[in-house]
$ cat coords_10.cif   # mmCIF, C-alpha atoms
data_work
#
loop_
_atom_site.label_atom_id
_atom_site.label_comp_id
_atom_site.auth_asym_id
_atom_site.auth_seq_id
_atom_site.Cartn_x
_atom_site.Cartn_y
_atom_site.Cartn_z
CA MET A 28 68.66 -29.60 11.03
CA ASN A 29 65.12 -28.96 11.99
CA TYR A 30 63.11 -31.82 10.50
CA ILE A 31 60.53 -31.98 13.21
CA ARG A 32 58.91 -29.02 14.86
CA LYS A 33 56.91 -29.27 18.02
CA PHE A 34 53.18 -29.02 17.58
CA TYR A 35 50.90 -29.86 20.44
CA TYR A 36 48.88 -32.04 18.16
CA GLY A 37 49.07 -32.86 14.51
CA ASP A 38 45.66 -31.53 13.67
CA ILE A 39 45.13 -28.65 16.09
CA PRO A 40 47.06 -25.38 15.66
CA GLU A 41 49.28 -25.09 18.73
CA ASP A 42 48.19 -21.60 19.62
CA LYS A 43 44.55 -22.69 19.65
CA GLY A 44 44.89 -26.28 20.80
CA GLY A 45 42.95 -25.96 24.01
CA ALA A 46 45.71 -28.18 25.36
CA GLU A 47 47.73 -25.31 26.74
CA ILE A 48 44.73 -23.96 28.60
CA SER A 49 44.76 -27.06 30.76
CA ASP A 50 45.89 -30.67 30.80
CA SER A 51 45.47 -33.66 33.05
CA LYS A 52 48.48 -32.69 35.19
CA ASN A 53 47.15 -29.19 35.51
CA PRO A 54 43.39 -29.46 35.10
CA PRO A 55 41.16 -26.43 34.68
CA SER A 56 40.13 -24.62 37.80
CA GLY A 57 36.46 -24.92 36.95
CA GLY A 58 33.93 -22.23 36.21
CA ARG A 59 32.47 -21.27 32.88
CA GLY A 60 35.83 -20.99 31.18
CA ALA A 61 36.79 -24.53 32.13
CA ASP A 62 37.67 -26.59 29.09
CA TRP A 63 38.69 -30.20 29.57
CA PRO A 64 41.89 -31.24 27.79
CA LEU A 65 41.75 -32.81 24.35
CA TRP A 66 42.57 -36.51 23.91
CA GLU A 67 43.34 -38.57 20.83
CA VAL A 68 41.66 -41.96 20.61
CA PHE A 69 43.19 -45.08 19.06
CA ILE A 70 41.17 -48.24 18.60
CA ARG A 71 42.27 -51.83 17.96
CA SER A 72 39.44 -53.33 15.95
CA LYS A 73 40.47 -56.89 16.71
CA GLN A 74 43.21 -58.85 18.37
CA GLY A 75 46.26 -59.03 16.12
CA LEU A 76 45.76 -55.63 14.45
CA ASP A 77 47.31 -52.25 15.21
CA HIS A 78 45.57 -49.55 17.17
CA LYS A 79 44.39 -46.98 14.65
CA HIS A 80 43.54 -43.32 15.14
CA ALA A 81 39.76 -42.99 15.44
CA GLY A 82 39.24 -39.38 16.48
CA SER A 83 39.47 -37.02 19.40
CA LEU A 84 37.41 -35.91 22.37
CA HIS A 85 37.57 -33.77 25.49
CA ALA A 86 37.70 -35.38 28.93
CA ALA A 87 38.78 -34.37 32.41
CA ASP A 88 41.11 -37.33 32.85
CA ALA A 89 42.31 -40.53 31.19
CA GLN A 90 39.62 -42.70 32.71
CA MET A 91 36.86 -40.44 31.43
CA ALA A 92 38.56 -40.27 28.05
CA ILE A 93 38.44 -44.07 27.77
CA GLU A 94 34.81 -44.22 28.89
CA ASN A 95 33.78 -41.53 26.43
CA ALA A 96 35.78 -43.16 23.64
CA ARG A 97 34.00 -46.42 24.34
CA ASP A 98 30.61 -44.68 24.07
CA VAL A 99 31.47 -42.77 20.92
CA TYR A 100 33.74 -45.04 18.90
CA THR A 101 32.83 -48.64 19.75
CA ARG A 102 29.02 -48.75 19.74
CA ARG A 103 28.98 -51.21 16.85
CA MET A 104 31.74 -53.57 17.89
CA GLU A 105 34.39 -51.48 16.15
CA GLY A 106 36.95 -52.21 18.81
CA GLU A 107 38.16 -54.29 21.66
CA SER A 108 41.02 -52.18 22.94
CA ILE A 109 41.35 -48.42 23.35
CA TRP A 110 44.36 -46.16 23.78
CA VAL A 111 43.96 -42.53 24.71
CA VAL A 112 46.73 -39.95 24.80
CA GLU A 113 46.50 -36.29 25.53
CA SER A 114 46.76 -34.46 22.23
CA LYS A 115 49.46 -32.13 23.45
CA TYR A 116 51.89 -35.02 23.80
CA ILE A 117 51.80 -35.80 20.10
CA THR A 118 54.60 -34.35 18.04
CA ALA A 119 53.80 -34.04 14.36
CA SER A 120 55.97 -33.34 11.34
CA ASN A 121 55.40 -30.08 9.55
CA PRO A 122 53.82 -30.12 6.07
CA GLU A 123 56.18 -27.33 4.95
CA GLU A 124 59.07 -29.75 5.38
CA ALA A 125 57.39 -32.55 3.47
CA GLY A 126 59.85 -32.11 0.57
CA GLU A 127 62.97 -32.60 2.68
CA LEU A 128 61.41 -35.52 4.51
CA TYR A 129 59.82 -37.55 1.76
CA ASP A 130 61.27 -36.56 -1.61
CA PRO A 131 64.52 -38.50 -1.12
CA ALA A 132 62.52 -41.75 -1.29
CA LYS A 133 61.10 -40.92 -4.71
CA ASP A 134 64.15 -41.79 -6.86
CA LYS A 135 65.02 -45.04 -5.14
CA ILE A 136 62.94 -47.39 -7.16
CA TYR A 137 65.49 -50.16 -6.60
CA ARG A 138 63.93 -50.52 -3.16
CA HIS A 139 60.90 -52.16 -4.78
CA PRO A 140 60.81 -55.79 -5.93
CA SER A 141 59.39 -54.85 -9.35
CA PHE A 142 62.68 -53.06 -10.20
CA TYR A 143 64.35 -56.42 -10.84
CA ASN A 144 63.67 -58.31 -14.06
CA LEU A 145 64.09 -62.02 -13.58
CA PRO A 146 63.56 -64.94 -15.98
CA ASP A 147 60.03 -66.37 -15.93
CA GLU A 148 60.99 -69.58 -14.15
CA VAL A 149 62.12 -67.69 -11.03
CA ASN A 150 59.89 -64.63 -11.36
CA LEU A 151 57.61 -65.65 -8.50
CA MET A 152 60.47 -64.89 -6.12
CA MET B 11 56.50 -17.00 -1.06
CA PRO B 12 53.85 -14.46 -1.96
CA VAL B 13 50.28 -15.27 -0.97
CA GLN B 14 49.33 -15.62 -4.61
CA ASN B 15 51.66 -18.62 -4.94
CA PHE B 16 50.24 -20.21 -1.82
CA GLU B 17 46.79 -19.77 -3.32
CA GLN B 18 47.87 -21.40 -6.55
CA ILE B 19 49.35 -24.39 -4.73
CA PHE B 20 46.18 -24.63 -2.64
CA GLN B 21 43.83 -24.52 -5.63
CA GLY B 22 46.13 -26.97 -7.43
CA LYS B 23 45.61 -29.50 -4.66
CA ILE B 24 41.84 -29.00 -4.78
CA ASP B 25 41.78 -29.41 -8.56
CA ASN B 26 43.82 -32.61 -8.29
CA GLU B 27 41.56 -34.07 -5.60
CA VAL B 28 44.27 -33.82 -2.93
CA LYS B 29 42.62 -33.28 0.46
CA ILE B 30 43.47 -30.23 2.52
CA GLU B 31 44.75 -31.15 5.97
CA PRO B 32 44.66 -28.95 9.10
CA LYS B 33 48.22 -27.65 9.04
CA ASP B 34 48.31 -26.98 5.29
CA TRP B 35 48.13 -23.38 4.16
CA MET B 36 44.59 -22.37 3.27
CA PRO B 37 42.91 -19.07 2.40
CA ASP B 38 41.23 -17.42 5.38
CA ALA B 39 37.87 -17.52 3.61
CA TYR B 40 38.21 -21.29 3.09
CA ARG B 41 38.91 -21.71 6.80
CA ARG B 42 35.98 -19.47 7.75
CA THR B 43 33.56 -21.18 5.38
CA ASN B 44 34.50 -24.59 6.75
CA ILE B 45 34.21 -23.41 10.36
CA ARG B 46 30.77 -22.00 9.60
CA GLN B 47 29.53 -25.04 7.73
CA ILE B 48 31.01 -27.74 10.01
CA SER B 49 29.88 -26.02 13.21
CA GLN B 50 26.35 -25.54 11.84
CA HIS B 51 26.35 -29.18 10.86
CA ALA B 52 27.49 -30.16 14.39
CA HIS B 53 24.85 -27.98 16.01
CA SER B 54 22.21 -29.59 13.78
CA GLU B 55 23.18 -33.06 14.98
CA VAL B 56 22.93 -31.97 18.60
CA VAL B 57 19.76 -29.86 18.36
CA GLY B 58 18.30 -32.68 16.25
CA MET B 59 18.25 -34.88 19.33
CA LEU B 60 15.57 -32.68 20.92
CA PRO B 61 12.52 -33.37 18.71
CA GLU B 62 13.27 -37.10 18.82
CA GLY B 63 14.13 -37.19 22.50
CA ASN B 64 10.59 -35.93 23.01
CA TRP B 65 9.32 -39.43 22.13
CA ILE B 66 11.79 -41.72 23.90
CA THR B 67 9.61 -42.21 26.97
CA ARG B 68 6.49 -42.58 24.85
CA ALA B 69 7.72 -45.00 22.19
CA PRO B 70 5.02 -47.64 21.58
CA SER B 71 7.18 -50.68 22.43
CA LEU B 72 10.45 -51.63 24.06
CA LYS B 73 11.90 -52.41 20.63
CA ARG B 74 11.02 -48.94 19.28
CA LYS B 75 12.35 -47.31 22.43
CA ALA B 76 15.68 -49.14 22.13
CA ILE B 77 15.93 -48.16 18.44
CA LEU B 78 15.14 -44.52 19.16
CA LEU B 79 17.64 -44.39 22.02
CA ALA B 80 20.34 -45.84 19.76
CA LYS B 81 19.53 -43.32 17.05
CA VAL B 82 19.58 -40.33 19.38
CA GLN B 83 22.86 -41.56 20.85
CA ASP B 84 24.27 -41.73 17.31
CA GLU B 85 23.31 -38.09 16.74
CA ALA B 86 25.30 -37.08 19.82
CA GLY B 87 28.28 -38.97 18.44
CA HIS B 88 27.89 -37.29 15.06
CA GLY B 89 27.88 -33.93 16.79
CA LEU B 90 31.15 -34.87 18.48
CA TYR B 91 32.87 -35.98 15.25
CA LEU B 92 31.94 -32.67 13.66
CA TYR B 93 32.88 -30.49 16.63
CA SER B 94 36.28 -32.22 16.60
CA ALA B 95 36.69 -31.56 12.87
CA CYS B 96 35.79 -27.93 13.52
CA GLU B 97 38.41 -27.63 16.26
CA THR B 98 41.15 -28.62 13.82
CA LEU B 99 40.51 -25.28 12.11
CA GLY B 100 41.62 -23.43 15.21
CA VAL B 101 38.34 -22.58 16.92
CA SER B 102 37.82 -23.89 20.45
CA ARG B 103 34.89 -26.07 21.44
CA GLU B 104 33.72 -23.44 23.86
CA GLU B 105 33.67 -20.65 21.25
CA THR B 106 31.64 -22.93 19.00
CA MET B 107 29.12 -23.65 21.76
CA ASN B 108 28.90 -19.97 22.66
CA ASP B 109 28.09 -19.10 19.05
CA LEU B 110 25.16 -21.53 19.14
CA HIS B 111 23.86 -20.19 22.43
CA SER B 112 24.15 -16.56 21.37
CA GLY B 113 22.29 -17.28 18.15
CA LYS B 114 25.30 -16.27 16.00
CA ALA B 115 25.59 -19.80 14.59
CA LYS B 116 22.62 -21.45 12.93
CA TYR B 117 21.50 -25.08 12.80
CA SER B 118 19.24 -26.83 10.34
CA SER B 119 15.80 -25.21 10.39
CA ILE B 120 14.06 -28.57 10.20
CA PHE B 121 14.58 -29.06 13.94
CA ASN B 122 12.44 -26.02 14.68
CA TYR B 123 9.33 -28.03 13.83
CA PRO B 124 7.51 -29.97 16.56
CA THR B 125 7.06 -33.77 16.79
CA LEU B 126 3.33 -34.06 17.41
CA THR B 127 2.67 -37.79 17.02
CA TRP B 128 4.62 -41.05 17.07
CA ALA B 129 4.45 -41.16 13.27
CA ASP B 130 6.64 -38.04 13.21
CA ILE B 131 9.53 -40.14 14.46
CA GLY B 132 9.18 -42.43 11.44
CA ALA B 133 8.82 -39.46 9.10
CA ILE B 134 11.94 -37.84 10.53
CA GLY B 135 13.95 -40.99 9.97
CA TRP B 136 12.73 -41.46 6.43
CA LEU B 137 12.48 -37.88 5.17
CA VAL B 138 14.74 -35.76 7.37
CA ASP B 139 17.56 -38.28 7.70
CA GLY B 140 16.98 -39.22 4.07
CA ALA B 141 17.53 -35.61 3.01
CA ALA B 142 20.52 -35.30 5.33
CA ILE B 143 22.10 -38.43 3.84
CA MET B 144 21.88 -36.97 0.30
CA ASN B 145 23.94 -34.07 1.52
CA GLN B 146 26.27 -36.15 3.67
CA VAL B 147 27.13 -38.69 0.99
CA MET B 148 28.28 -35.78 -1.15
CA LEU B 149 30.30 -34.42 1.78
CA THR B 150 32.30 -37.64 2.20
CA ARG B 151 34.21 -36.25 -0.80
CA THR B 152 34.53 -32.70 0.50
CA SER B 153 37.99 -31.15 0.16
CA TYR B 154 38.79 -30.66 3.87
CA GLY B 155 40.22 -33.94 5.20
CA PRO B 156 38.87 -33.98 8.79
CA TYR B 157 35.37 -33.03 7.57
CA ALA B 158 35.41 -35.76 4.93
CA ARG B 159 36.57 -38.37 7.46
CA ALA B 160 33.85 -37.36 9.92
CA MET B 161 31.28 -37.70 7.14
CA VAL B 162 32.45 -41.20 6.19
CA ARG B 163 31.92 -42.31 9.77
CA ILE B 164 28.55 -40.57 9.97
CA CYS B 165 27.27 -42.04 6.70
CA LYS B 166 28.13 -45.54 7.89
CA GLU B 167 25.91 -45.05 10.92
CA GLU B 168 23.21 -42.95 9.31
CA SER B 169 21.75 -45.47 6.91
CA PHE B 170 20.13 -47.38 9.77
CA HIS B 171 18.36 -44.14 10.69
CA GLN B 172 16.58 -43.84 7.40
CA ARG B 173 15.73 -47.54 7.21
CA GLN B 174 14.26 -47.70 10.71
CA GLY B 175 12.13 -44.63 9.91
CA PHE B 176 10.72 -46.14 6.75
CA GLU B 177 10.09 -49.46 8.46
CA SER B 178 8.26 -47.73 11.28
CA LEU B 179 6.01 -45.90 8.79
CA LEU B 180 5.48 -49.12 6.87
CA VAL B 181 4.01 -50.72 9.98
CA LEU B 182 1.65 -47.77 10.45
CA SER B 183 0.70 -47.75 6.75
CA ARG B 184 -0.48 -51.35 7.11
CA GLY B 185 -2.26 -50.77 10.41
CA THR B 186 -5.65 -49.46 11.48
CA GLU B 187 -7.40 -46.52 9.80
CA GLU B 188 -6.20 -44.26 12.60
CA GLN B 189 -2.61 -45.42 12.15
CA LYS B 190 -2.80 -44.84 8.40
CA ALA B 191 -4.18 -41.36 8.95
CA MET B 192 -1.43 -40.61 11.46
CA CYS B 193 1.19 -41.79 8.95
CA GLN B 194 -0.22 -39.59 6.16
CA ASP B 195 -0.50 -36.60 8.48
CA ALA B 196 3.16 -36.88 9.49
CA ILE B 197 4.23 -37.08 5.85
CA ASN B 198 2.09 -34.03 5.05
CA ARG B 199 3.74 -31.97 7.75
CA TRP B 200 7.36 -33.07 7.18
CA TRP B 201 7.54 -33.14 3.39
CA TRP B 202 7.97 -29.43 2.67
CA PRO B 203 10.30 -28.68 5.58
CA ALA B 204 12.42 -31.66 4.41
CA LEU B 205 12.69 -30.09 0.94
CA MET B 206 13.77 -26.83 2.54
CA MET B 207 16.72 -28.62 4.15
CA PHE B 208 18.65 -28.33 0.89
CA GLY B 209 18.71 -24.55 1.30
CA PRO B 210 17.79 -21.71 -1.04
CA LYS B 211 17.55 -22.17 -4.79
CA ASP B 212 20.89 -22.08 -6.61
CA SER B 213 19.95 -18.70 -8.09
CA GLU B 214 19.50 -17.27 -4.55
CA SER B 215 22.35 -19.02 -2.74
CA THR B 216 25.20 -16.68 -1.83
CA ASN B 217 27.89 -19.13 -0.76
CA SER B 218 27.48 -21.72 -3.47
CA ASP B 219 29.89 -20.70 -6.25
CA GLN B 220 33.00 -20.39 -4.13
CA SER B 221 32.14 -23.54 -2.17
CA MET B 222 31.87 -25.49 -5.42
CA LYS B 223 35.20 -24.11 -6.66
CA TRP B 224 36.83 -25.17 -3.41
CA LYS B 225 34.99 -28.50 -3.55
CA ILE B 226 33.56 -27.98 -0.07
CA LYS B 227 30.25 -28.70 -1.81
CA ARG B 228 30.21 -30.90 -4.86
CA LYS B 229 26.57 -30.71 -5.88
CA SER B 230 24.28 -27.70 -5.91
CA ASN B 231 21.26 -27.27 -3.62
CA ASP B 232 18.82 -27.76 -6.51
CA GLU B 233 20.62 -30.84 -7.77
CA LEU B 234 20.51 -32.54 -4.37
CA ARG B 235 16.88 -31.52 -3.83
CA GLN B 236 15.91 -33.03 -7.19
CA ASN B 237 17.72 -36.30 -6.35
CA PHE B 238 15.82 -36.42 -3.08
CA VAL B 239 12.41 -35.81 -4.70
CA ASP B 240 13.12 -38.53 -7.29
CA MET B 241 14.02 -41.02 -4.57
CA ILE B 242 11.11 -40.28 -2.22
CA ALA B 243 8.49 -40.11 -4.98
CA GLU B 244 9.31 -43.74 -5.77
CA GLN B 245 9.67 -44.97 -2.19
CA ILE B 246 6.31 -43.58 -1.10
CA LYS B 247 4.54 -45.96 -3.46
CA THR B 248 5.53 -48.83 -1.15
CA LEU B 249 3.86 -47.02 1.74
CA GLY B 250 0.71 -46.44 -0.26
CA MET B 251 0.70 -42.82 0.95
CA LYS B 252 0.73 -39.53 -0.95
CA LEU B 253 3.14 -36.61 -0.96
CA PRO B 254 1.27 -33.33 -0.32
CA ASP B 255 2.09 -31.77 -3.70
CA ASP B 256 -0.44 -31.55 -6.58
CA LYS B 257 2.32 -30.62 -8.99
CA LEU B 258 4.41 -33.73 -8.32
CA LYS B 259 4.60 -35.54 -11.63
CA TRP B 260 7.16 -37.63 -13.57
CA ASN B 261 8.65 -35.63 -16.43
CA ASP B 262 9.73 -38.04 -19.13
CA GLU B 263 11.73 -35.42 -20.99
CA ARG B 264 13.79 -34.34 -17.99
CA ARG B 265 13.92 -37.88 -16.60
CA HIS B 266 13.06 -36.34 -13.22
CA TYR B 267 9.99 -35.61 -11.14
CA ASP B 268 8.58 -32.09 -11.43
CA PHE B 269 7.43 -30.65 -8.14
CA GLY B 270 5.66 -27.61 -6.74
CA GLU B 271 7.12 -24.38 -5.40
CA ILE B 272 8.48 -24.30 -1.87
CA ASN B 273 7.04 -21.68 0.48
CA TRP B 274 10.21 -19.58 0.67
CA ASP B 275 8.62 -17.07 2.98
CA GLU B 276 8.17 -19.80 5.56
CA PHE B 277 11.77 -20.95 4.95
CA TRP B 278 13.23 -17.50 5.68
CA GLN B 279 10.92 -16.95 8.66
CA VAL B 280 12.17 -20.15 10.30
CA VAL B 281 15.81 -19.35 9.47
CA LYS B 282 15.37 -15.94 11.07
CA GLY B 283 14.14 -17.51 14.30
CA ASN B 284 10.38 -17.34 13.90
CA GLY B 285 9.68 -21.05 13.46
CA PRO B 286 7.35 -22.96 15.79
CA CYS B 287 10.10 -24.21 18.13
CA ASN B 288 13.18 -21.98 17.64
CA LYS B 289 13.04 -20.51 21.12
CA GLN B 290 12.23 -23.81 22.80
CA ARG B 291 15.19 -25.57 21.12
CA LEU B 292 17.73 -22.91 21.98
CA ASP B 293 16.46 -22.64 25.54
CA ALA B 294 16.80 -26.41 25.93
CA ARG B 295 20.42 -26.29 24.73
CA LYS B 296 21.31 -23.39 27.02
CA LYS B 297 19.62 -25.09 29.96
CA ALA B 298 21.57 -28.31 29.35
CA TRP B 299 24.83 -26.34 29.18
CA GLU B 300 24.14 -24.31 32.30
CA GLU B 301 22.78 -27.17 34.37
CA GLY B 302 25.73 -29.34 33.33
CA GLU B 303 28.19 -26.82 34.68
CA TRP B 304 28.49 -28.43 38.11
CA VAL B 305 29.25 -31.78 36.43
CA ARG B 306 32.05 -30.24 34.37
CA GLU B 307 33.42 -28.52 37.44
CA ALA B 308 33.21 -31.62 39.61
CA ALA B 309 35.03 -33.74 37.02
CA ALA B 310 37.75 -31.13 36.68
CA ALA B 311 38.10 -30.89 40.47
CA TYR B 312 38.37 -34.67 40.73
CA ALA B 313 41.02 -34.80 38.01
CA ARG B 314 42.94 -32.03 39.78
CA LYS B 315 42.81 -33.86 43.09
CA LYS B 316 44.04 -37.11 41.58
CA ALA B 317 46.87 -35.34 39.77
CA SER B 318 48.17 -33.40 42.77
CA PRO B 319 50.99 -35.27 44.60
CA ASN B 320 50.03 -34.30 48.13
CA PRO B 321 51.49 -36.84 50.60
CA SER B 322 49.32 -35.71 53.51
CA LYS B 323 46.27 -36.89 51.59
CA GLY B 324 47.52 -40.44 51.32
CA GLY B 325 47.53 -41.45 47.64
CA ALA B 326 51.10 -40.58 46.68
CA LEU B 327 52.63 -42.07 49.83
CA GLU B 328 50.91 -45.37 49.34
CA ALA B 329 52.03 -45.46 45.72
CA ALA B 330 55.63 -44.83 46.83
#

$ encode --input "coords_10.cif" --output "C-alpha cells"
Amino acid sequence: MNYIRKFYYGDIPEDKGGAEISDSKNPPSGGRGADWPLWEVFIRSKQGLDHKHAGSLHAADAQMAIENARDVYTRRMEGESIWVVESKYITASNPEEAGELYDPAKDKIYRHPSFYNLPDEVNLM
Amino acid sequence: MPVQNFEQIFQGKIDNEVKIEPKDWMPDAYRRTNIRQISQHAHSEVVGMLPEGNWITRAPSLKRKAILLAKVQDEAGHGLYLYSACETLGVSREETMNDLHSGKAKYSSIFNYPTLTWADIGAIGWLVDGAAIMNQVMLTRTSYGPYARAMVRICKEESFHQRQGFESLLVLSRGTEEQKAMCQDAINRWWWPALMMFGPKDSESTNSDQSMKWKIKRKSNDELRQNFVDMIAEQIKTLGMKLPDDKLKWNDERRHYDFGEINWDEFWQVVKGNGPCNKQRLDARKKAWEEGEWVREAAAAYARKKASPNPSKGGALEAA
C-alpha cells in the first residue's frame, strides 16, 4: 500500500523545490546560480504551546535560518522559540490519496461524545 | 480522469470556497496567473522600500526614524512572504528575481514616483498603503491558500503603516504655514498615482473576468477604487487639506463620491517604463543583487566548510 509518497516538501513541487539543487550537507558552490536551500520555520508563540508552521525562507545553514526567521517572523513578539528544518526533509501526504486516508473516519460518528444520548441528570458527563 | 473532470472538481472547490493548495490539481492558466500576480506583488513590496529608504537618514526625529525603519523592514518581510507563496507554484526564487531584473515582471507603478519632501513619507503611508490595504484585505480571501495566508499576515502588519502615515501628516497639518503647504503639496502629488494603483478601468482590464471566476480577485478594480475614494474623501476632512480634484463631490443617489477622470495616458506611460524613476528603481535593485553576490557566496562557502567532515581541519576530530 502506498499511502504516503515522498515529496521534498509539502508545498513545493519536488521537481522544482530548489532543495535538490543544494542543501546544507551539500551547499551550493557559489556563483550566480547559487541558491541557498529552503527551510521551513516553526514558531512557539508562548511557553506551553506547540510550535506552529509560520512560513519558509532560504538560508545557507541552520544558524542563518534561525536568525532570518527571528527577523521575519518574530518582530512583534510572536514567538519565543523557533524550529527550522530543511524543507526537503519533510514528507507530505498526497492530496490524490486523501479519500483513502481520511474517508474511513467519516462514518464513525460513535467516536464523538455527542453520539450518546444520556438522561439529563448525567448529561454533563 | 480526463482534464475536463479535473477542471470541474477544481471549479467546484472554488465555488464552494474551498482553498486551492499547492499540490492540488489546477489549470495551467490559474497557476500562471497566480505566479504573475504574486510575484508582481512581491516585487512591489521590495521596490517599495526604495522611495521610503530615501528618507531614513533624513527623518526629522529619532522617533520618526525608528518608525520608518520598522515600516521598511516590514516591507522586506512582506516581500519574503509573497516570494515564498510564489515558490509553492513551482517557480524558483532566482527565476522570479531574474524576471524583475530583466523587466519581464512588473511591480506597482506607484513606486516609480519620487519622494521629494518629508511629507511624502506621510502621504505614502496614508494614501499608498491605504490603497494597498483595500486590495490586500480582499486578497486575504483569495482562492490560492498560500497567497491568502501571506495576505493575512501582511494585513496584520500593514495597518500600522497607514496609521503612522496619517498621524505624521496630521502633525504637519497642524504645524507652521510651511509645514501645511508641504503636507498639501504631497497630497497633491500622490493622490492621482494612488488612484492608479487599482489598475485600469473594469471595461479595459484584460485579466479581470477569469480572475473573478477563479476568485483570485473578489472585487473589481473600479469597485475597490470607489471604496478608496469614499474612505479618503472623509478622512481628509480631519487633516483640513484638499484632494486635488474639482469633480470630487458626494453623490447622494449613488451613495458614493463622484470623482474626476484619471490621466490614463500617464498611467500607461509609467507602466511601460517611462515614469520619473523607473530606471533608477530597477538599477537600484540590480545593484543590490550584484553587489550582494559576494555575501551569498561567502555564506555558502562557510556552510560548505562547516558541513565537510575533514579531520585534518580539526572540527570533526574534536567532535569525535

$ closest_residue --input "coords_10.cif" --among "A:Val149, A:Val99, A:Ile117, A:Ala89" --to "chain B" --atoms "only C-alpha atoms"
A:Val99

$ closest_residue --input "coords_10.cif" --among "A:Ala87, A:Ala81, A:Val68, A:Ile93" --to "chain B" --atoms "all atoms listed in the file"
A:Ala87

$ resolve_selection --input "coords_10.cif" --expression "the PyMOL selection byres ((chain B and resi 171) around 12)" --output "VMD selection string"
chain B and resid 62 77 to 85 131 to 143 164 to 170 172 to 178

$ residues_around --input "coords_10.cif" --residues "Asn273 of chain B" --least-positions-apart "6" --cutoff "10 Å" --atoms "only C-alpha atoms" --output "JSON, numbers by chain"
{"B": [202, 203, 206]}

$ write_last_selection --input "coords_10.cif" --atoms "C-alpha atoms" --output "JSON list (two decimals), in the frame of the given file"
[["chain", "number", "residue", "atom", "x", "y", "z"],
["B", 202, "TRP", "CA", 7.97, -29.43, 2.67],
["B", 203, "PRO", "CA", 10.30, -28.68, 5.58],
["B", 206, "MET", "CA", 13.77, -26.83, 2.54]]

$ atom_distance --input "coords_10.cif" --atom1 "atom CA of His53 of chain B" --atom2 "atom CA of Lys116 of chain B"
7.6 Å

$ atom_distance --input "coords_10.cif" --atom1 "atom CA of Ile120 of chain B" --atom2 "atom CA of Glu233 of chain B"
19.3 Å

$ resolve_selection --input "coords_10.cif" --expression "the PyMOL selection byres ((chain B and resi 17) around 12)" --output "list in words"
Met11, Pro12, Val13, Gln14, Asn15, Phe16, Gln18, Ile19, Phe20, Gln21, Gly22, Lys23, Ile24, Asp34, Trp35, Met36, Pro37, Asp38, Ala39, Tyr40 and Trp224 of chain B

$ resolve_selection --input "coords_10.cif" --expression "the PyMOL selection byres ((chain B) within 10 of (chain A))" --output "number ranges by chain"
B: 31-35, 80, 83-84, 86-88, 90-91, 93-104, 156, 159-160, 163, 167, 299-300, 303-318
